[in-house]
Structure formats: structure tokens, C-alpha cells
Amino acid sequence: MDLSTRYLGLDLPHPIMPGASTMTNDMDVVRRLEDAGAAAICLPSLFEEQLISEHQSILEHEESVANSAAEATSFFPRLDDYKLGPESYLEHIRKTRAAVSVPVIASLNGTTGPGWAEYAKLIQDAGAHAIELNMFLVARLDDTAAKVEDRIVKIATDVRKEVSIPVAVKLTPFFSALGDLVGRVERAGIDGVVLFNRVYQPDIDIENLEMIRRGPLSSSAELLLRVRWVSILSGRSKCSFAVSGGVQDVTGVIKSVMAGAHAVQTVSALMRHGPEYLKTMKDDLTRWLEEHEYASLKQMQGSMDLSRSPNPAALLRASYVTLVQSTMASVGS
């Protein structure tokens with residue numbers, strides 16, 4: 001069975017890969033994922049806070065030395081020339097490239113934008129095959145939707161100008177006009193879109209008066225939002241699309257690909273069952289396609305997107321109206 005797909009310009013043997021998470025911090029796990037047949041390895045995100053922290057430590061170190069001897073500043077390069085960012089992340093990219101034969105996709109996660117383009121270039125130089133820009137921009141109270149989206153487009157544009165490797169943006173679903181934003185980043189030269197970034201919502205401990213975090217693992221219920229939006233967008237864009245969040249088994253893979261996804265990222269399922277579960281998902285995908293008499297994955301890909309769906313209204317507002325009416329009818333009975 002031909003499971004091949006093309007994502008971010010990369011020819012992959014199948015669409016299933018681990019998503020960005022701390023799981024791929026561990027080189028042993030990375031090797032186990034490759035042995036299980038991962039189509040690519042998505043590395044954990046390098047967070048903007050790490051870049052800012054290291055930048056600040058450089059500033060403080062330079063200031064302390066400068067205060068002890070005026071001529072000491074000559075020992076330090078100008079900050080404009082300083083290669084900012086945790087060297088350990090770049091080293092991890094180099095080690096991963098040396099350890100596996102599949103594509104390595106690095107990830108940058110930020111909220112404001114400083115240093116993105118510069119560090120993206122360092123990531124490219126370290127050997128990453130592609131970069132995923134994990135866009136989690138927290139709007140200030142005086143921000144408009146346009147300002148937030150403009151910042152995303154600017155970051156995407158700046159990074160695209162700095163690197164030659166493929167670039168994807170990973171978005172949250174919280175935009176007033178997601179289709180327009182995807183169109184703008186596509187025109188900025190972005191190669192792919194990952195839907196969606198999972199935003200961990202804090203809870204309130206009402207007894208101890210604390211803000212607490214809930215468990216990070218997703219459920220299959222989260223997949224529905226991804227499938228809907230990939231179905232709407234994939235047929236109207238030249239970008240590659242990846243589904244991330246809620247893919248727990250082969251059913252999630254099949255739904256994502258039918259919706260138009262070129263790649264499917266999973267994390268929670270691998271954390272629950274181990275890296276070897278990726279092989280199970282791949283084998284199950286082959287078996288399902290054979291049982292349903294598909295000749296290849298590409299034959300199924302996008303078969304249920306908005307343009308080809310036998311019931312496109314189910315993806316749009318009409319489905320809401322129908323559901324409300326049916327629910328009210330069942331309550332009345």
C-alpha cells in the first residue's frame with residue numbers, strides 16, 4: 001500500500017509523526033520513534049522566554065564586568081553580533097540529525113516576536129529540515145484582532161526572508177477570520193499550517209486560592225475542531241496542512257487525511273502507549289485502506305474537504321441550525 005504524502009515540500013513515506021513535545025528531548029525516545037516508523041521527528045519547542053532569559057543574562061554579565069573595568073567591554077562582541085539563544089537546543093538538532101535518517105522539524109514558540117528570524121537562521125544552520133513557528137500570541141487588552149494578526153504575519157514574513165528551508169505556522173483556533181489569516185501567511189511565503197496549537201487553560205483551586213494546571217494529554221473530542229477547519233481550508237490553499245491535537249488512533253489519522261491533511265501529528269497517544277504505538281497506527285492505516293479498497297493514501301486525501309464533501313453544509317452554519325432543531329425536538333418528545 002502506498003502511504004506516501006508530501007508535507008512542507010518533504011516527501012514522506014506516510015503522514016504520521018510525533019508532534020512537538022518534551023518527548024523528543026530524549027534521544028533514546030527519538031531513536032525508538034524512528035524505529036517505529038515515524039515519518040519525521042518534530043522537536044520540542046524552544047520558547048521565547050528562553051531566548052529572553054539568555055539575552056538578559058548576557059546583558060547582566062556584560063554590565064557586571066564593565067562596571068569592574070572600563071576596558072573590559074572590549075572582550076565582548078556587540079549584542080547585534082551575538083548569536084543569542086540556548087546553544088543546547090541547536091546541539092540537540094545536530095545530534096538528532098546525526099541519529100536519524102528522517103526529516104527533523106524544529107519548533108519555535110513565542111508571544112511577541114523578538115529574535116525569531118535570527119534564531120530561525122541558527123536552527124537552519126544547525127541542520128533542521130523545516131521549522132514550525134508555534135504562534136501563541138497573547139493579546140493585550142488594547143489590542144485589536146488586526147494588530148494580533150499583523151504581528152503573526154510580520155513574524156512569518158521576517159522568518160521566511162531569513163531562511164530557505166520550509167516554514168510552517170502553528171495557530172490557535174481563536175481568530176475572528178482564520179481563513180483570511182491563513183491566506184495572508186501563505187502570501188508571506190509560508191509553506192504549511194498546523195491546526196491547532198493546544199492552549200492549556202488554568203483552573204482555580206477554590207479551597208487553596210491557587211491557579212492550577214490540568215493534565216496535558218488530549219482526547220479524541222479535540223479532533224473535531226481540527227477536522228472541520230482543515231476541511232474548510234485545505235482545498236482553498238496551496239499550503240501543506242497538518243492536524244495536531246486529538247489524534248488518538250488510526251480513526252483520527254483517517255479523518256484528518258480525508259479532511260485534507262498532508263501530515264498528522266500525535267503526542268498524547270504516544271505518551272499513553274509508548275513510541276512503538278506509532279507503528280501500530282501506521283499498520284492499522286495500511287489495513288484500513290486495503291479493507292476499503294483504496295489504492296493509495298493520496299486517493300483518500302482531501303476526499304471529505306469542503307469542495308468535495310457530499311454534505312458541505314455540515315461544515316458550515318447550517319449544521320448548527322440542524323443540530324439545534326433536532327435537539328429541541330428530542331427534548332420536546
# chains A, B, ... in the order shown; residues from 1 in each chain; ligands from 1
call {"tool": "select_by_dssp", "arguments": {"residues": "region 120-191 of chain A", "states": "strand (DSSP E)", "output": "short mmCIF file (atom, residue, chain, number, x, y, z; two decimals) with N, CA and C atoms, in the first residue's frame"}}
result
data_model
loop_
_atom_site.label_atom_id
_atom_site.label_comp_id
_atom_site.auth_asym_id
_atom_site.auth_seq_id
_atom_site.Cartn_x
_atom_site.Cartn_y
_atom_site.Cartn_z
N ALA A 130 13.12 21.67 8.51
CA ALA A 130 11.99 22.61 8.46
C ALA A 130 11.81 23.22 9.84
N ILE A 131 11.05 24.30 9.88
CA ILE A 131 10.78 24.99 11.15
C ILE A 131 9.28 25.18 11.30
N GLU A 132 8.80 24.91 12.50
CA GLU A 132 7.41 25.15 12.86
C GLU A 132 7.36 26.35 13.81
N LEU A 133 6.68 27.42 13.39
CA LEU A 133 6.52 28.60 14.23
C LEU A 133 5.25 28.44 15.04
N ASN A 134 5.43 28.17 16.32
CA ASN A 134 4.29 27.91 17.20
C ASN A 134 3.77 29.25 17.70
N MET A 135 2.73 29.77 17.04
CA MET A 135 2.25 31.13 17.28
C MET A 135 1.22 31.18 18.40
N VAL A 167 8.89 26.44 6.11
CA VAL A 167 8.40 27.02 7.36
C VAL A 167 6.89 26.79 7.46
N ALA A 168 6.46 26.32 8.62
CA ALA A 168 5.04 26.17 8.91
C ALA A 168 4.67 27.08 10.07
N VAL A 169 3.43 27.52 10.13
CA VAL A 169 2.94 28.23 11.29
C VAL A 169 1.91 27.36 11.99
N LYS A 170 2.01 27.30 13.30
CA LYS A 170 1.06 26.55 14.12
C LYS A 170 0.18 27.56 14.84
N LEU A 171 -1.11 27.52 14.55
CA LEU A 171 -2.03 28.54 15.03
C LEU A 171 -2.97 27.99 16.09
#
call {"tool": "atom_distance", "arguments": {"atom1": "CA of Ser21 (chain A)", "atom2": "CA of Pro44 (chain A)"}}
result
4.4 Å
call {"tool": "residues_around", "arguments": {"residues": "region 183-188 of chain A", "least_positions_apart": "5", "cutoff": "12 Å", "atoms": "only C-alpha atoms", "output": "PyMOL selection string"}}
result
chain A and resi 133+135+146+149-161+167-171+177-178+193+233-234+236-241
call {"tool": "write_last_selection", "arguments": {"atoms": "C-alpha atoms", "output": "JSON list (two decimals), in the first residue's frame"}}
result
[["chain", "number", "residue", "atom", "x", "y", "z"],
["A", 133, "LEU", "CA", 6.52, 28.60, 14.23],
["A", 135, "MET", "CA", 2.25, 31.13, 17.28],
["A", 146, "ALA", "CA", -5.95, 43.18, 13.26],
["A", 149, "GLU", "CA", -2.84, 39.05, 13.12],
["A", 150, "ASP", "CA", -0.44, 41.67, 11.74],
["A", 151, "ARG", "CA", 2.19, 40.56, 14.28],
["A", 152, "ILE", "CA", 1.81, 36.95, 13.16],
["A", 153, "VAL", "CA", 2.17, 37.89, 9.51],
["A", 154, "LYS", "CA", 5.22, 40.05, 10.26],
["A", 155, "ILE", "CA", 6.94, 37.25, 12.19],
["A", 156, "ALA", "CA", 6.16, 34.81, 9.38],
["A", 157, "THR", "CA", 7.46, 37.28, 6.79],
["A", 158, "ASP", "CA", 10.66, 38.01, 8.73],
["A", 159, "VAL", "CA", 11.44, 34.32, 9.25],
["A", 160, "ARG", "CA", 10.66, 33.47, 5.63],
["A", 161, "LYS", "CA", 13.17, 36.10, 4.47],
["A", 167, "VAL", "CA", 8.40, 27.02, 7.36],
["A", 168, "ALA", "CA", 5.04, 26.17, 8.91],
["A", 169, "VAL", "CA", 2.94, 28.23, 11.29],
["A", 170, "LYS", "CA", 1.06, 26.55, 14.12],
["A", 171, "LEU", "CA", -2.03, 28.54, 15.03],
["A", 177, "ALA", "CA", -11.20, 35.28, 10.44],
["A", 178, "LEU", "CA", -8.97, 32.23, 10.34],
["A", 193, "VAL", "CA", -0.15, 25.40, 8.52],
["A", 233, "LEU", "CA", -9.15, 25.43, 4.31],
["A", 234, "SER", "CA", -7.20, 22.64, 2.63],
["A", 236, "ARG", "CA", -8.51, 26.56, -0.98],
["A", 237, "SER", "CA", -4.83, 26.88, -0.12],
["A", 238, "LYS", "CA", -1.56, 25.77, -1.64],
["A", 239, "CYS", "CA", -0.10, 25.31, 1.85],
["A", 240, "SER", "CA", 0.50, 21.92, 3.39],
["A", 241, "PHE", "CA", -1.76, 21.19, 6.34]]
call {"tool": "residues_around", "arguments": {"residues": "Ser244 (chain A)", "least_positions_apart": "5", "cutoff": "8 Å", "atoms": "only C-alpha atoms", "output": "PDB file with N, CA and C atoms, in the first residue's frame"}}
result
ATOM      1  N   GLY A  19       4.256  14.952  17.352  1.00  0.00           N
ATOM      2  CA  GLY A  19       4.200  16.409  17.393  1.00  0.00           C
ATOM      3  C   GLY A  19       5.247  16.970  18.337  1.00  0.00           C
ATOM      4  N   VAL A 194      -0.237  24.316  10.684  1.00  0.00           N
ATOM      5  CA  VAL A 194      -0.555  23.254  11.635  1.00  0.00           C
ATOM      6  C   VAL A 194      -1.753  23.704  12.455  1.00  0.00           C
ATOM      7  N   LEU A 195      -2.802  22.887  12.480  1.00  0.00           N
ATOM      8  CA  LEU A 195      -4.032  23.201  13.200  1.00  0.00           C
ATOM      9  C   LEU A 195      -4.300  22.105  14.223  1.00  0.00           C
ATOM     10  N   PHE A 196      -4.347  22.387  15.488  1.00  0.00           N
ATOM     11  CA  PHE A 196      -4.157  23.673  16.134  1.00  0.00           C
ATOM     12  C   PHE A 196      -3.190  23.515  17.289  1.00  0.00           C
ATOM     13  N   ASN A 197      -2.649  24.642  17.731  1.00  0.00           N
ATOM     14  CA  ASN A 197      -1.894  24.682  18.971  1.00  0.00           C
ATOM     15  C   ASN A 197      -2.849  24.459  20.141  1.00  0.00           C
ATOM     16  N   ARG A 226     -10.284  20.450  14.633  1.00  0.00           N
ATOM     17  CA  ARG A 226      -9.213  20.390  13.643  1.00  0.00           C
ATOM     18  C   ARG A 226      -9.726  19.885  12.300  1.00  0.00           C
ATOM     19  N   VAL A 264      -0.049  14.195   9.985  1.00  0.00           N
ATOM     20  CA  VAL A 264      -0.838  14.041  11.205  1.00  0.00           C
ATOM     21  C   VAL A 264       0.140  13.909  12.366  1.00  0.00           C
ATOM     22  N   GLN A 265       0.042  14.851  13.300  1.00  0.00           N
ATOM     23  CA  GLN A 265       0.928  14.840  14.459  1.00  0.00           C
ATOM     24  C   GLN A 265       0.187  14.298  15.679  1.00  0.00           C
ATOM     25  N   THR A 266       0.858  13.441  16.415  1.00  0.00           N
ATOM     26  CA  THR A 266       0.261  12.892  17.628  1.00  0.00           C
ATOM     27  C   THR A 266       1.285  12.929  18.760  1.00  0.00           C
TER      28      THR A 266
END
call {"tool": "residues_around", "arguments": {"residues": "Lys282 (chain A)", "least_positions_apart": "6", "cutoff": "10 Å", "atoms": "only C-alpha atoms", "output": "list in words"}}
result
Leu3, His14, Pro15, Ile16, Met17, Ala36, Gly37, Ala38, Ala39, Asp249, Val250, Val253 and Trp288 of chain A
call {"tool": "write_last_selection", "arguments": {"atoms": "C-alpha atoms", "output": "CSV table (one decimal), in the first residue's frame"}}
result
chain,number,residue,atom,x,y,z
A,3,LEU,CA,1.0,5.7,2.1
A,14,HIS,CA,3.3,8.2,5.3
A,15,PRO,CA,1.7,11.1,7.2
A,16,ILE,CA,2.2,10.1,10.9
A,17,MET,CA,4.7,11.8,13.1
A,36,ALA,CA,8.6,2.6,15.0
A,37,GLY,CA,8.5,4.2,11.5
A,38,ALA,CA,7.9,7.9,12.3
A,39,ALA,CA,7.7,9.9,9.0
A,249,ASP,CA,-5.7,6.2,17.0
A,250,VAL,CA,-6.0,5.3,13.3
A,253,VAL,CA,-5.5,9.7,11.2
A,288,TRP,CA,-7.9,0.1,6.8
call {"tool": "residues_around", "arguments": {"residues": "Tyr89 (chain A)", "least_positions_apart": "6", "cutoff": "10 Å", "atoms": "only C-alpha atoms", "output": "PDB file with N, CA and C atoms, in the first residue's frame"}}
result
ATOM      1  N   ASN A  25      12.841  15.355  23.472  1.00  0.00           N
ATOM      2  CA  ASN A  25      14.056  15.816  24.133  1.00  0.00           C
ATOM      3  C   ASN A  25      15.014  14.662  24.366  1.00  0.00           C
ATOM      4  N   LEU A  43      10.723  18.267  16.890  1.00  0.00           N
ATOM      5  CA  LEU A  43      11.416  18.508  18.149  1.00  0.00           C
ATOM      6  C   LEU A  43      10.570  19.376  19.069  1.00  0.00           C
ATOM      7  N   PRO A  44      10.867  19.369  20.373  1.00  0.00           N
ATOM      8  CA  PRO A  44      10.147  20.242  21.303  1.00  0.00           C
ATOM      9  C   PRO A  44      10.379  21.701  20.947  1.00  0.00           C
ATOM     10  N   SER A  45       9.495  22.553  21.421  1.00  0.00           N
ATOM     11  CA  SER A  45       9.612  23.974  21.112  1.00  0.00           C
ATOM     12  C   SER A  45      10.705  24.637  21.936  1.00  0.00           C
ATOM     13  N   LEU A  46      11.398  25.553  21.303  1.00  0.00           N
ATOM     14  CA  LEU A  46      12.257  26.496  22.014  1.00  0.00           C
ATOM     15  C   LEU A  46      11.399  27.714  22.289  1.00  0.00           C
ATOM     16  N   LYS A  95      22.475  16.666  17.018  1.00  0.00           N
ATOM     17  CA  LYS A  95      22.515  15.271  17.465  1.00  0.00           C
ATOM     18  C   LYS A  95      21.384  14.458  16.838  1.00  0.00           C
ATOM     19  N   ALA A 106      12.193  21.475  13.565  1.00  0.00           N
ATOM     20  CA  ALA A 106      12.382  22.225  14.804  1.00  0.00           C
ATOM     21  C   ALA A 106      11.166  23.100  15.061  1.00  0.00           C
ATOM     22  N   ILE A 123      18.800  27.814  13.624  1.00  0.00           N
ATOM     23  CA  ILE A 123      18.183  26.485  13.563  1.00  0.00           C
ATOM     24  C   ILE A 123      18.419  25.845  12.202  1.00  0.00           C
ATOM     25  N   ALA A 126      21.909  24.687  11.973  1.00  0.00           N
ATOM     26  CA  ALA A 126      22.175  23.504  12.797  1.00  0.00           C
ATOM     27  C   ALA A 126      21.726  22.225  12.108  1.00  0.00           C
TER      28      ALA A 126
END
call {"tool": "residues_around", "arguments": {"residues": "region 297-307 of chain A", "least_positions_apart": "6", "cutoff": "6 Å", "atoms": "only C-alpha atoms", "output": "list in words"}}
result
Leu3, Ser231, Ile232, Val257, Met258, Ala259 and Gly260 of chain A
call {"tool": "write_last_selection", "arguments": {"atoms": "N, CA and C atoms", "output": "PDB file, in the first residue's frame"}}
result
ATOM      1  N   LEU A   3       1.456   4.704   1.074  1.00  0.00           N
ATOM      2  CA  LEU A   3       1.006   5.664   2.091  1.00  0.00           C
ATOM      3  C   LEU A   3       1.683   7.022   1.939  1.00  0.00           C
ATOM      4  N   SER A 231     -10.831  20.747   6.723  1.00  0.00           N
ATOM      5  CA  SER A 231     -11.779  20.506   5.632  1.00  0.00           C
ATOM      6  C   SER A 231     -12.118  21.800   4.901  1.00  0.00           C
ATOM      7  N   ILE A 232     -12.292  22.870   5.651  1.00  0.00           N
ATOM      8  CA  ILE A 232     -12.659  24.155   5.058  1.00  0.00           C
ATOM      9  C   ILE A 232     -11.497  24.775   4.292  1.00  0.00           C
ATOM     10  N   VAL A 257      -6.774  12.916   7.308  1.00  0.00           N
ATOM     11  CA  VAL A 257      -6.357  12.831   5.902  1.00  0.00           C
ATOM     12  C   VAL A 257      -7.546  13.043   4.977  1.00  0.00           C
ATOM     13  N   MET A 258      -8.687  12.470   5.298  1.00  0.00           N
ATOM     14  CA  MET A 258      -9.886  12.690   4.493  1.00  0.00           C
ATOM     15  C   MET A 258     -10.238  14.177   4.434  1.00  0.00           C
ATOM     16  N   ALA A 259     -10.016  14.874   5.537  1.00  0.00           N
ATOM     17  CA  ALA A 259     -10.305  16.307   5.587  1.00  0.00           C
ATOM     18  C   ALA A 259      -9.341  17.119   4.745  1.00  0.00           C
ATOM     19  N   GLY A 260      -8.186  16.539   4.422  1.00  0.00           N
ATOM     20  CA  GLY A 260      -7.218  17.233   3.582  1.00  0.00           C
ATOM     21  C   GLY A 260      -5.844  17.383   4.181  1.00  0.00           C
TER      22      GLY A 260
END
call {"tool": "select_by_dssp", "arguments": {"residues": "region 190-247 of chain A", "states": "helix (DSSP H, G or I)", "output": "VMD selection string"}}
result
chain A and resid 220 to 236
call {"tool": "atom_distance", "arguments": {"atom1": "CA of Leu12 (chain A)", "atom2": "CA of His292 (chain A)"}}
result
22.4 Å
call {"tool": "decode", "arguments": {"residues": "region 170-181 of chain A", "atoms": "N, CA and C atoms", "output": "compact mmCIF listing (two decimals), in the first residue's frame"}}
result
# COMPACT_ATOMS: atom_id res chain seq x y z
N LYS A 170 2.01 27.30 13.30
CA LYS A 170 1.06 26.55 14.12
C LYS A 170 0.18 27.56 14.84
N LEU A 171 -1.11 27.52 14.55
CA LEU A 171 -2.03 28.54 15.03
C LEU A 171 -2.97 27.99 16.09
N THR A 172 -3.55 28.89 16.86
CA THR A 172 -4.66 28.54 17.74
C THR A 172 -5.95 28.75 16.95
N PRO A 173 -7.06 28.24 17.43
CA PRO A 173 -8.33 28.45 16.71
C PRO A 173 -8.99 29.79 17.04
N PHE A 174 -8.34 30.61 17.87
CA PHE A 174 -9.00 31.80 18.40
C PHE A 174 -8.78 33.04 17.54
N PHE A 175 -9.21 32.97 16.29
CA PHE A 175 -9.11 34.11 15.40
C PHE A 175 -10.47 34.38 14.79
N SER A 176 -10.75 35.66 14.60
CA SER A 176 -12.07 36.03 14.09
C SER A 176 -12.23 35.68 12.61
N ALA A 177 -11.14 35.61 11.87
CA ALA A 177 -11.20 35.28 10.44
C ALA A 177 -10.01 34.40 10.10
N LEU A 178 -10.10 33.15 10.50
CA LEU A 178 -8.97 32.23 10.34
C LEU A 178 -8.60 32.03 8.87
N GLY A 179 -9.60 31.95 8.01
CA GLY A 179 -9.32 31.75 6.59
C GLY A 179 -8.49 32.89 6.01
N ASP A 180 -8.82 34.12 6.39
CA ASP A 180 -8.06 35.27 5.89
C ASP A 180 -6.63 35.23 6.41
N LEU A 181 -6.44 34.87 7.68
CA LEU A 181 -5.09 34.81 8.25
C LEU A 181 -4.26 33.76 7.54
